[in-house]
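*Asks:* Please find coords35.cif (mmCIF, C-alpha atoms) on the next line:
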```cif
data_query
loop_
_atom_site.group_PDB
_atom_site.id
_atom_site.type_symbol
_atom_site.label_atom_id
_atom_site.label_comp_id
_atom_site.auth_asym_id
_atom_site.auth_seq_id
_atom_site.Cartn_x
_atom_site.Cartn_y
_atom_site.Cartn_z
ATOM 1 C CA MET A 709 109.489 312.214 -56.593
ATOM 2 C CA SER A 710 112.484 310.689 -54.797
ATOM 3 C CA GLU A 711 115.532 312.672 -53.765
ATOM 4 C CA LEU A 712 117.648 310.718 -56.268
ATOM 5 C CA GLN A 713 115.228 311.474 -59.089
ATOM 6 C CA SER A 714 115.315 315.146 -58.148
ATOM 7 C CA MET A 715 119.101 315.132 -58.204
ATOM 8 C CA VAL A 716 119.141 313.530 -61.654
ATOM 9 C CA ILE A 717 116.732 316.122 -62.995
ATOM 10 C CA LYS A 718 118.901 318.876 -61.526
ATOM 11 C CA ASP A 719 122.042 317.327 -63.070
ATOM 12 C CA LYS A 720 123.540 316.809 -59.638
ATOM 13 C CA VAL A 721 124.194 313.075 -59.970
ATOM 14 C CA ASP A 722 127.336 311.771 -61.659
ATOM 15 C CA LEU A 723 125.820 308.821 -63.520
ATOM 16 C CA ASP A 724 129.223 307.580 -64.584
ATOM 17 C CA PHE A 725 130.295 307.433 -60.931
ATOM 18 C CA ILE A 726 127.081 305.666 -59.951
ATOM 19 C CA SER A 727 127.364 303.072 -62.688
ATOM 20 C CA TRP A 728 130.964 302.315 -61.817
ATOM 21 C CA ASN A 729 130.742 302.249 -58.046
ATOM 22 C CA GLN A 730 127.180 301.700 -56.951
ATOM 23 C CA LYS A 731 124.784 298.812 -57.232
ATOM 24 C CA LEU A 732 122.465 300.478 -59.662
ATOM 25 C CA LEU A 733 118.926 299.275 -59.508
ATOM 26 C CA GLU A 734 117.660 297.980 -62.795
ATOM 27 C CA ASP A 735 114.540 300.052 -62.543
ATOM 28 C CA PHE A 736 116.679 303.172 -62.095
ATOM 29 C CA ILE A 737 118.773 302.290 -65.162
ATOM 30 C CA ARG A 738 115.576 301.599 -67.024
ATOM 31 C CA GLU A 739 114.111 304.977 -66.090
ATOM 32 C CA TYR A 740 117.251 306.886 -67.021
ATOM 33 C CA LYS A 741 118.581 304.667 -69.795
ATOM 34 C CA ASP A 742 118.991 307.621 -72.148
ATOM 35 C CA ASN A 743 121.214 309.351 -69.608
ATOM 36 C CA VAL A 744 123.666 306.480 -69.244
ATOM 37 C CA ASP A 745 124.581 305.749 -72.852
ATOM 38 C CA CYS A 746 128.216 306.531 -72.141
ATOM 39 C CA VAL A 747 128.502 303.894 -69.417
ATOM 40 C CA TRP A 748 126.608 300.915 -70.796
ATOM 41 C CA LYS A 749 129.906 299.051 -71.097
ATOM 42 C CA TRP A 750 130.509 299.456 -67.379
ATOM 43 C CA ILE A 751 126.954 298.548 -66.533
ATOM 44 C CA SER A 752 127.269 295.413 -68.679
ATOM 45 C CA ARG A 753 130.492 294.388 -66.998
ATOM 46 C CA ASN A 754 130.079 295.477 -63.387
ATOM 47 C CA ARG A 755 126.406 295.124 -62.642
ATOM 48 C CA LYS A 756 124.665 291.861 -62.049
ATOM 49 C CA LEU A 757 121.818 292.036 -64.543
ATOM 50 C CA SER A 758 118.850 289.749 -64.929
ATOM 51 C CA GLU A 759 118.262 288.037 -68.249
ATOM 52 C CA ASP A 760 114.901 289.791 -68.534
ATOM 53 C CA PHE A 761 116.625 293.138 -68.173
ATOM 54 C CA ILE A 762 119.294 292.238 -70.742
ATOM 55 C CA LYS A 763 116.560 291.178 -73.162
ATOM 56 C CA GLU A 764 114.772 294.453 -72.650
ATOM 57 C CA MET A 765 117.987 296.444 -73.166
ATOM 58 C CA LYS A 766 119.455 294.188 -75.829
ATOM 59 C CA ASP A 767 120.209 297.124 -78.123
ATOM 60 C CA LYS A 768 122.001 299.082 -75.404
ATOM 61 C CA VAL A 769 124.018 296.547 -73.445
ATOM 62 C CA TYR A 770 127.572 295.750 -74.483
ATOM 63 C CA TRP A 771 127.463 292.123 -75.565
ATOM 64 C CA PRO A 772 131.163 291.241 -75.215
ATOM 65 C CA PHE A 773 130.945 292.105 -71.500
ATOM 66 C CA ILE A 774 127.540 290.474 -71.175
ATOM 67 C CA SER A 775 129.051 287.285 -72.613
ATOM 68 C CA TYR A 776 131.653 286.926 -69.875
ATOM 69 C CA SER A 777 130.505 289.031 -66.920
ATOM 70 C CA GLN A 778 126.917 287.901 -66.641
ATOM 71 C CA LYS A 779 125.745 284.440 -65.681
ATOM 72 C CA LEU A 780 123.729 283.294 -68.672
ATOM 73 C CA SER A 781 121.486 280.291 -69.145
ATOM 74 C CA GLU A 782 121.802 278.103 -72.209
ATOM 75 C CA ASP A 783 118.283 279.104 -73.278
ATOM 76 C CA PHE A 784 119.338 282.739 -73.172
ATOM 77 C CA ILE A 785 122.545 282.065 -75.119
ATOM 78 C CA ARG A 786 120.522 280.116 -77.645
ATOM 79 C CA GLU A 787 118.027 282.973 -78.043
ATOM 80 C CA PHE A 788 120.803 285.551 -78.536
ATOM 81 C CA LYS A 789 123.297 283.367 -80.343
ATOM 82 C CA ASP A 790 123.816 286.093 -82.946
ATOM 83 C CA LYS A 791 124.622 288.714 -80.315
ATOM 84 C CA VAL A 792 126.727 286.899 -77.752
ATOM 85 C CA TYR A 793 130.452 286.394 -78.281
ATOM 86 C CA LEU A 794 130.837 282.645 -78.425
ATOM 87 C CA LYS A 795 134.568 282.633 -77.643
ATOM 88 C CA LYS A 796 133.864 284.359 -74.359
ATOM 89 C CA ILE A 797 130.851 282.134 -73.809
ATOM 90 C CA CYS A 798 133.104 279.086 -74.233
ATOM 91 C CA ILE A 799 135.498 280.417 -71.590
ATOM 92 C CA TYR A 800 133.222 281.872 -68.936
ATOM 93 C CA GLN A 801 129.847 280.159 -69.150
ATOM 94 C CA LYS A 802 129.016 276.678 -67.903
ATOM 95 C CA LEU A 803 127.882 274.695 -70.909
ATOM 96 C CA THR A 804 126.471 271.191 -71.022
ATOM 97 C CA GLU A 805 127.725 268.635 -73.493
ATOM 98 C CA ASP A 806 124.305 268.671 -75.163
ATOM 99 C CA PHE A 807 124.590 272.409 -75.737
ATOM 100 C CA ILE A 808 128.122 272.089 -77.113
ATOM 101 C CA ARG A 809 126.923 269.313 -79.372
ATOM 102 C CA GLU A 810 124.120 271.546 -80.655
ATOM 103 C CA PHE A 811 126.574 274.363 -81.450
ATOM 104 C CA GLN A 812 129.537 272.195 -82.373
ATOM 105 C CA ASP A 813 130.232 274.193 -85.535
ATOM 106 C CA LYS A 814 130.076 277.550 -83.747
ATOM 107 C CA VAL A 815 131.909 277.002 -80.471
ATOM 108 C CA ASP A 816 135.652 277.447 -80.080
ATOM 109 C CA TRP A 817 136.960 273.964 -79.308
ATOM 110 C CA ASP A 818 140.371 275.176 -78.150
ATOM 111 C CA TYR A 819 138.788 277.363 -75.488
ATOM 112 C CA LEU A 820 136.335 274.637 -74.510
ATOM 113 C CA SER A 821 139.170 272.136 -74.091
ATOM 114 C CA PHE A 822 141.577 274.510 -72.369
ATOM 115 C CA TYR A 823 139.780 275.452 -69.192
ATOM 116 C CA HIS A 824 140.444 272.881 -66.501
ATOM 117 C CA TYR A 825 137.107 273.339 -64.730
ATOM 118 C CA ARG A 826 135.310 271.830 -67.732
ATOM 119 C CA LYS A 827 135.572 268.047 -67.621
ATOM 120 C CA PHE A 828 134.309 266.185 -70.659
ATOM 121 C CA SER A 829 132.944 262.672 -70.432
ATOM 122 C CA LYS A 830 134.904 259.944 -72.182
ATOM 123 C CA ASP A 831 131.994 259.347 -74.576
ATOM 124 C CA PHE A 832 131.946 263.031 -75.484
ATOM 125 C CA ILE A 833 135.695 263.127 -76.171
ATOM 126 C CA ARG A 834 135.323 259.980 -78.224
ATOM 127 C CA GLU A 835 132.472 261.519 -80.229
ATOM 128 C CA PHE A 836 134.403 264.729 -80.917
ATOM 129 C CA GLN A 837 137.904 263.328 -81.019
ATOM 130 C CA ASP A 838 138.661 265.315 -84.178
ATOM 131 C CA LYS A 839 137.447 268.604 -82.684
ATOM 132 C CA VAL A 840 138.771 268.670 -79.124
ATOM 133 C CA ASN A 841 142.218 270.068 -78.412
ATOM 134 C CA TRP A 842 144.187 267.004 -77.359
ATOM 135 C CA GLU A 843 146.985 268.987 -75.744
ATOM 136 C CA CYS A 844 144.412 270.411 -73.327
ATOM 137 C CA ILE A 845 142.662 267.061 -72.947
ATOM 138 C CA ASN A 846 145.968 265.488 -71.883
ATOM 139 C CA ARG A 847 146.496 268.163 -69.251
ATOM 140 C CA ASN A 848 143.006 268.732 -67.860
ATOM 141 C CA GLN A 849 141.064 265.488 -68.169
ATOM 142 C CA GLU A 850 141.233 262.396 -66.006
ATOM 143 C CA LEU A 851 142.118 259.673 -68.508
ATOM 144 C CA SER A 852 142.015 255.977 -67.687
ATOM 145 C CA GLU A 853 144.599 253.566 -69.027
ATOM 146 C CA ASN A 854 141.945 251.977 -71.243
ATOM 147 C CA PHE A 855 141.107 255.372 -72.705
ATOM 148 C CA ILE A 856 144.791 256.197 -73.269
ATOM 149 C CA ARG A 857 145.181 252.814 -74.928
ATOM 150 C CA GLU A 858 142.247 253.551 -77.243
ATOM 151 C CA PHE A 859 143.679 256.935 -78.249
ATOM 152 C CA GLN A 860 147.352 256.106 -78.018
ATOM 153 C CA ASP A 861 148.078 257.943 -81.270
ATOM 154 C CA LYS A 862 146.347 261.143 -80.133
ATOM 155 C CA VAL A 863 147.494 261.558 -76.546
ATOM 156 C CA ASP A 864 150.660 263.429 -75.593
ATOM 157 C CA TRP A 865 152.780 260.752 -73.974
ATOM 158 C CA LYS A 866 155.034 263.193 -72.128
ATOM 159 C CA LYS A 867 152.033 264.755 -70.416
ATOM 160 C CA ILE A 868 150.563 261.322 -69.743
ATOM 161 C CA CYS A 869 153.779 260.148 -68.086
ATOM 162 C CA ARG A 870 154.079 263.350 -66.077
ATOM 163 C CA ASN A 871 150.473 263.833 -64.951
ATOM 164 C CA ARG A 872 148.987 260.336 -64.684
ATOM 165 C CA GLU A 873 149.720 257.515 -62.304
ATOM 166 C CA LEU A 874 150.437 254.548 -64.562
ATOM 167 C CA SER A 875 150.623 250.876 -63.683
ATOM 168 C CA GLU A 876 153.798 248.974 -64.432
ATOM 169 C CA ASP A 877 151.865 246.641 -66.741
ATOM 170 C CA PHE A 878 150.734 249.661 -68.746
ATOM 171 C CA ILE A 879 154.260 251.115 -68.910
ATOM 172 C CA ARG A 880 155.540 247.720 -69.986
ATOM 173 C CA GLU A 881 152.888 247.512 -72.731
ATOM 174 C CA PHE A 882 153.806 250.953 -74.087
ATOM 175 C CA GLN A 883 157.508 250.920 -73.320
ATOM 176 C CA ASP A 884 158.276 252.261 -76.803
ATOM 177 C CA LYS A 885 155.834 255.176 -76.462
ATOM 178 C CA VAL A 886 156.329 256.368 -72.897
ATOM 179 C CA ASP A 887 158.872 259.057 -72.053
ATOM 180 C CA TRP A 888 161.238 257.211 -69.748
ATOM 181 C CA ASP A 889 162.680 260.339 -68.118
ATOM 182 C CA TYR A 890 159.186 261.424 -67.062
ATOM 183 C CA ILE A 891 158.370 257.878 -65.972
ATOM 184 C CA LEU A 892 161.423 257.715 -63.723
ATOM 185 C CA TYR A 893 160.809 261.161 -62.277
ATOM 186 C CA HIS A 894 157.042 261.029 -61.753
ATOM 187 C CA GLN A 895 156.132 257.334 -61.362
ATOM 188 C CA GLU A 896 156.858 255.126 -58.381
ATOM 189 C CA LEU A 897 158.480 251.940 -59.683
ATOM 190 C CA SER A 898 159.199 248.629 -58.014
ATOM 191 C CA GLU A 899 162.724 247.288 -57.875
ATOM 192 C CA ASP A 900 161.660 244.269 -59.951
ATOM 193 C CA PHE A 901 160.446 246.607 -62.684
ATOM 194 C CA ILE A 902 163.664 248.658 -62.612
ATOM 195 C CA ARG A 903 165.647 245.424 -62.750
ATOM 196 C CA GLU A 904 163.628 244.298 -65.793
ATOM 197 C CA PHE A 905 164.334 247.558 -67.629
ATOM 198 C CA GLN A 906 167.809 248.194 -66.280
ATOM 199 C CA ASP A 907 169.156 248.877 -69.775
ATOM 200 C CA ARG A 908 166.423 251.436 -70.594
ATOM 201 C CA VAL A 909 166.252 253.448 -67.413
ATOM 202 C CA ASP A 910 168.388 256.472 -66.589
ATOM 203 C CA TRP A 911 170.229 255.472 -63.446
ATOM 204 C CA GLY A 912 170.689 259.087 -62.421
ATOM 205 C CA PHE A 913 166.909 259.500 -62.246
ATOM 206 C CA ILE A 914 166.653 256.133 -60.485
ATOM 207 C CA SER A 915 169.254 257.082 -57.885
ATOM 208 C CA TRP A 916 167.694 260.446 -57.060
ATOM 209 C CA ASN A 917 163.980 259.799 -57.462
ATOM 210 C CA GLN A 918 163.166 256.157 -56.700
ATOM 211 C CA GLU A 919 163.153 254.623 -53.237
ATOM 212 C CA LEU A 920 165.777 251.859 -53.261
ATOM 213 C CA SER A 921 166.716 249.197 -50.736
ATOM 214 C CA GLU A 922 170.308 248.664 -49.702
ATOM 215 C CA ASP A 923 170.250 245.187 -51.273
ATOM 216 C CA PHE A 924 169.155 246.694 -54.596
ATOM 217 C CA ILE A 925 171.831 249.406 -54.440
ATOM 218 C CA ARG A 926 174.385 246.727 -53.626
ATOM 219 C CA GLU A 927 173.239 244.677 -56.642
ATOM 220 C CA PHE A 928 173.579 247.652 -58.990
ATOM 221 C CA LYS A 929 176.466 249.400 -57.287
ATOM 222 C CA ASP A 930 178.183 249.960 -60.644
ATOM 223 C CA LYS A 931 175.077 251.470 -62.268
ATOM 224 C CA VAL A 932 173.694 253.784 -59.607
ATOM 225 C CA TYR A 933 174.812 257.397 -59.217
ATOM 226 C CA TRP A 934 176.369 257.590 -55.789
ATOM 227 C CA GLN A 935 175.717 261.292 -55.331
ATOM 228 C CA GLY A 936 172.000 260.606 -55.699
ATOM 229 C CA ILE A 937 172.249 257.560 -53.451
ATOM 230 C CA SER A 938 174.155 259.544 -50.817
ATOM 231 C CA GLU A 939 171.665 262.403 -50.844
ATOM 232 C CA ASN A 940 168.237 260.802 -51.240
ATOM 233 C CA GLN A 941 168.370 257.159 -50.135
ATOM 234 C CA THR A 942 167.983 255.892 -46.576
ATOM 235 C CA LEU A 943 171.348 254.355 -45.693
ATOM 236 C CA SER A 944 172.503 252.592 -42.556
ATOM 237 C CA GLU A 945 175.911 253.302 -41.088
ATOM 238 C CA ASP A 946 176.950 249.717 -41.875
ATOM 239 C CA PHE A 947 176.058 250.273 -45.526
ATOM 240 C CA ILE A 948 177.938 253.574 -45.672
ATOM 241 C CA ARG A 949 180.910 251.852 -44.064
ATOM 242 C CA GLU A 950 180.730 249.060 -46.673
ATOM 243 C CA PHE A 951 180.735 251.567 -49.532
ATOM 244 C CA LYS A 952 182.900 254.215 -47.950
ATOM 245 C CA ASP A 953 184.899 254.550 -51.167
ATOM 246 C CA LYS A 954 181.780 255.109 -53.296
ATOM 247 C CA VAL A 955 179.515 257.353 -51.251
ATOM 248 C CA ASP A 956 179.720 261.121 -51.583
ATOM 249 C CA TRP A 957 180.814 262.179 -48.103
ATOM 250 C CA ASP A 958 179.675 265.781 -48.532
ATOM 251 C CA TYR A 959 176.126 264.542 -49.095
ATOM 252 C CA VAL A 960 176.415 261.920 -46.366
ATOM 253 C CA CYS A 961 177.512 264.580 -43.904
ATOM 254 C CA GLU A 962 174.740 266.986 -44.921
ATOM 255 C CA TYR A 963 171.789 264.615 -45.340
ATOM 256 C CA LYS A 964 172.366 261.622 -43.056
ATOM 257 C CA LYS A 965 171.846 261.413 -39.314
ATOM 258 C CA LEU A 966 175.075 259.929 -38.032
ATOM 259 C CA SER A 967 176.070 258.746 -34.581
ATOM 260 C CA GLU A 968 178.949 260.375 -32.744
ATOM 261 C CA ASP A 969 180.906 257.104 -32.872
ATOM 262 C CA PHE A 970 180.456 256.947 -36.647
ATOM 263 C CA ARG A 971 181.515 260.568 -37.020
ATOM 264 C CA GLU A 972 184.600 259.906 -34.964
ATOM 265 C CA GLU A 973 185.420 256.819 -37.036
ATOM 266 C CA PHE A 974 185.168 258.748 -40.306
ATOM 267 C CA LYS A 975 186.222 262.177 -39.105
ATOM 268 C CA ASP A 976 188.721 262.434 -41.959
ATOM 269 C CA ASN A 977 185.921 261.914 -44.494
ATOM 270 C CA LEU A 978 183.395 264.311 -42.980
#
```
Could you show the structure in this file as structure tokens?

*Replies:*
Amino acid sequence: MSELQSMVIKDKVDLDFISWNQKLLEDFIREYKDNVDCVWKWISRNRKLSEDFIKEMKDKVYWPFISYSQKLSEDFIREFKDKVYLKKICIYQKLTEDFIREFQDKVDWDYLSFYHYRKFSKDFIREFQDKVNWECINRNQELSENFIREFQDKVDWKKICRNRELSEDFIREFQDKVDWDYILYHQELSEDFIREFQDRVDWGFISWNQELSEDFIREFKDKVYWQGISENQTLSEDFIREFKDKVDWDYVCEYKKLSEDFREEFKDNL
């Protein structure tokens, strides 16, 4: 008889303490299973248990904790589908698309779609387009322009414009669906494209967030926001001199590297 066994028999071991803090051996739990009824929840959550052991103790383990704390195979989940908590399974267990397909009417599609570590294939999303949570799909999945085009009435265009790098041809094609504020803030646009859509774009966003040449700023001097230009655009001293009555001198002074001669020339502005 081991010292630990002797201590248990003599009621000298705090089984609750052991189950919470120690790496209980499964054979020890097995031997004294009737003494640890009060802590099966903690055992189920805090002990790494083998599937064989869980099967053996299926009427004692706490299945909500088993469902999220233990690493379970799909065969095991399948065998105990009436005991496991499928919502927790959908969150914490790695499930194949084939398994999800098999249990499509039992799984929680919101939870499946939500967690960013689970990437669905395009074919799978297409197959279950009426079950997946599209808000989560927009945020967590890598979607190609062709796929967005196919599901243009299901995707969230604000999230698409914020989280995806879009080509100018694609933006042009869906100019009436895209969110232009998000486009201007999150997409890098060419000057030719901005010129083409000069009456749709927000020039404040353009001035602060897009990289503009001096020639372009000169061309649209009456549309750009000069505070944004003065703060965020790369400007030569000659350009600042040319537009000395338009630039914001507080921003120029704070954000531009100016020569001493230039500072002396415009000391009344700085």

*Asks:* Set out as a tab-separated table a contact list for range 811-865 of chain A and range 764-787 of chain A with a cut-off of 12 Å, giving each residue of range 811-865 of chain A that qualifies its closest atom pair and distance in Å to one decimal, counting only C-alpha atoms, ordered by chain and rising residue number.

*Replies:*
```
residue	atom	partner	partner_atom	distance
A:Phe811	CA	A:Arg786	CA	9.2
A:Lys814	CA	A:Arg786	CA	11.6
A:Val815	CA	A:Ile785	CA	11.9
```

*Asks:* Quick one: residues within 7 Å of (157.0, 258.5, -67.9) (file frame), counting all atoms listed in the file, please, as a tab-separated table (two decimals) with C-alpha atoms, keeping the file's coordinate frame.

*Replies:*
```
chain	number	residue	atom	x	y	z
A	866	LYS	CA	155.03	263.19	-72.13
A	869	CYS	CA	153.78	260.15	-68.09
A	870	ARG	CA	154.08	263.35	-66.08
A	886	VAL	CA	156.33	256.37	-72.90
A	887	ASP	CA	158.87	259.06	-72.05
A	888	TRP	CA	161.24	257.21	-69.75
A	889	ASP	CA	162.68	260.34	-68.12
A	890	TYR	CA	159.19	261.42	-67.06
A	891	ILE	CA	158.37	257.88	-65.97
A	892	LEU	CA	161.42	257.71	-63.72
A	894	HIS	CA	157.04	261.03	-61.75
A	895	GLN	CA	156.13	257.33	-61.36
```

*Asks:* Work out where the centre of an axis-aligned box around every listed atom of range 903-920 of chain A lies and how long its edges are once 8 Å is added on each side; give both in Å to one decimal as JSON.

*Replies:*
```
{"center_x": 166.9, "center_y": 252.4, "center_z": -61.9, "size_x": 23.5, "size_y": 32.1, "size_z": 33.4}
```

*Asks:* Run the PyMOL selection byres ((chain A and resi 915) around 7) against the file shown and list the residues it catches, as a list in words.

*Replies:*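 Applied to this file, the PyMOL selection byres ((chain A and resi 915) around 7) returns Trp911, Gly912, Phe913, Ile914, Trp916, Asn917, Gln918, Val932, Tyr933, Gly936 and Ile937 of chain A.
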
*Asks:* Write to file, as a PDB file, keeping the file's coordinate frame, the residues of the selection just made, with C-alpha atoms.

*Replies:*
```pdb
ATOM      1  CA  TRP A 911     170.229 255.472 -63.446  1.00  0.00           C
ATOM      2  CA  GLY A 912     170.689 259.087 -62.421  1.00  0.00           C
ATOM      3  CA  PHE A 913     166.909 259.500 -62.246  1.00  0.00           C
ATOM      4  CA  ILE A 914     166.653 256.133 -60.485  1.00  0.00           C
ATOM      5  CA  TRP A 916     167.694 260.446 -57.060  1.00  0.00           C
ATOM      6  CA  ASN A 917     163.980 259.799 -57.462  1.00  0.00           C
ATOM      7  CA  GLN A 918     163.166 256.157 -56.700  1.00  0.00           C
ATOM      8  CA  VAL A 932     173.694 253.784 -59.607  1.00  0.00           C
ATOM      9  CA  TYR A 933     174.812 257.397 -59.217  1.00  0.00           C
ATOM     10  CA  GLY A 936     172.000 260.606 -55.699  1.00  0.00           C
ATOM     11  CA  ILE A 937     172.249 257.560 -53.451  1.00  0.00           C
TER      12      ILE A 937
END
```

*Asks:* Separation of CA of Asp806 in chain A and CA of Glu850 in chain A, in Å?

*Replies:*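 CA of Glu850 in chain A lies 20.2 Å from CA of Asp806 in chain A.
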
*Asks:* Which residues fall under the PyMOL selection byres ((chain A and resi 821) around 10) in this file, as a PDB file with C-alpha atoms, keeping the file's coordinate frame?

*Replies:*
```
ATOM      1  CA  CYS A 798     133.104 279.086 -74.233  1.00  0.00           C
ATOM      2  CA  ILE A 799     135.498 280.417 -71.590  1.00  0.00           C
ATOM      3  CA  ASP A 816     135.652 277.447 -80.080  1.00  0.00           C
ATOM      4  CA  TRP A 817     136.960 273.964 -79.308  1.00  0.00           C
ATOM      5  CA  ASP A 818     140.371 275.176 -78.150  1.00  0.00           C
ATOM      6  CA  TYR A 819     138.788 277.363 -75.488  1.00  0.00           C
ATOM      7  CA  LEU A 820     136.335 274.637 -74.510  1.00  0.00           C
ATOM      8  CA  PHE A 822     141.577 274.510 -72.369  1.00  0.00           C
ATOM      9  CA  TYR A 823     139.780 275.452 -69.192  1.00  0.00           C
ATOM     10  CA  HIS A 824     140.444 272.881 -66.501  1.00  0.00           C
ATOM     11  CA  TYR A 825     137.107 273.339 -64.730  1.00  0.00           C
ATOM     12  CA  ARG A 826     135.310 271.830 -67.732  1.00  0.00           C
ATOM     13  CA  LYS A 827     135.572 268.047 -67.621  1.00  0.00           C
ATOM     14  CA  PHE A 828     134.309 266.185 -70.659  1.00  0.00           C
ATOM     15  CA  ILE A 833     135.695 263.127 -76.171  1.00  0.00           C
ATOM     16  CA  LYS A 839     137.447 268.604 -82.684  1.00  0.00           C
ATOM     17  CA  VAL A 840     138.771 268.670 -79.124  1.00  0.00           C
ATOM     18  CA  ASN A 841     142.218 270.068 -78.412  1.00  0.00           C
ATOM     19  CA  TRP A 842     144.187 267.004 -77.359  1.00  0.00           C
ATOM     20  CA  GLU A 843     146.985 268.987 -75.744  1.00  0.00           C
ATOM     21  CA  CYS A 844     144.412 270.411 -73.327  1.00  0.00           C
ATOM     22  CA  ILE A 845     142.662 267.061 -72.947  1.00  0.00           C
ATOM     23  CA  ASN A 846     145.968 265.488 -71.883  1.00  0.00           C
ATOM     24  CA  ARG A 847     146.496 268.163 -69.251  1.00  0.00           C
ATOM     25  CA  ASN A 848     143.006 268.732 -67.860  1.00  0.00           C
ATOM     26  CA  GLN A 849     141.064 265.488 -68.169  1.00  0.00           C
TER      27      GLN A 849
END
```

*Asks:* Hey, what's within 12 Å of Glu950 in chain A if we count all atoms listed in the file and toss same-chain stuff fewer than 4 positions away? As a short mmCIF file (atom, residue, chain, number, x, y, z; two decimals) with C-alpha atoms, in the frame of the given file, please?

*Replies:*
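Done, and the output landed in result_22.cif:
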```cif
data_model
loop_
_atom_site.label_atom_id
_atom_site.label_comp_id
_atom_site.auth_asym_id
_atom_site.auth_seq_id
_atom_site.Cartn_x
_atom_site.Cartn_y
_atom_site.Cartn_z
CA GLU A 922 170.31 248.66 -49.70
CA ILE A 925 171.83 249.41 -54.44
CA ARG A 926 174.38 246.73 -53.63
CA LYS A 929 176.47 249.40 -57.29
CA LEU A 943 171.35 254.36 -45.69
CA SER A 944 172.50 252.59 -42.56
CA GLU A 945 175.91 253.30 -41.09
CA ASP A 946 176.95 249.72 -41.88
CA LYS A 954 181.78 255.11 -53.30
CA VAL A 955 179.52 257.35 -51.25
#
```

*Asks:* Separation of CA of Phe970 in chain A and CA of Glu919 in chain A, in Å?

*Replies:* 24.1 Å

*Asks:* Check which residues satisfy the PyMOL selection byres ((chain A and resi 854-856) around 12) in the file shown, then give them as a PyMOL selection string.

*Replies:* chain A and resi 829-831+833-834+837+842+845-846+849-853+857-865+867-869+872+874-875+878-879+881-882+885-886

*Asks:* Rounded to one decimal in Å, what is the spacing between CA of Val960 in chain A and CA of Ser938 in chain A?

*Replies:*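 That distance, rounded to one decimal, is 5.5 Å.
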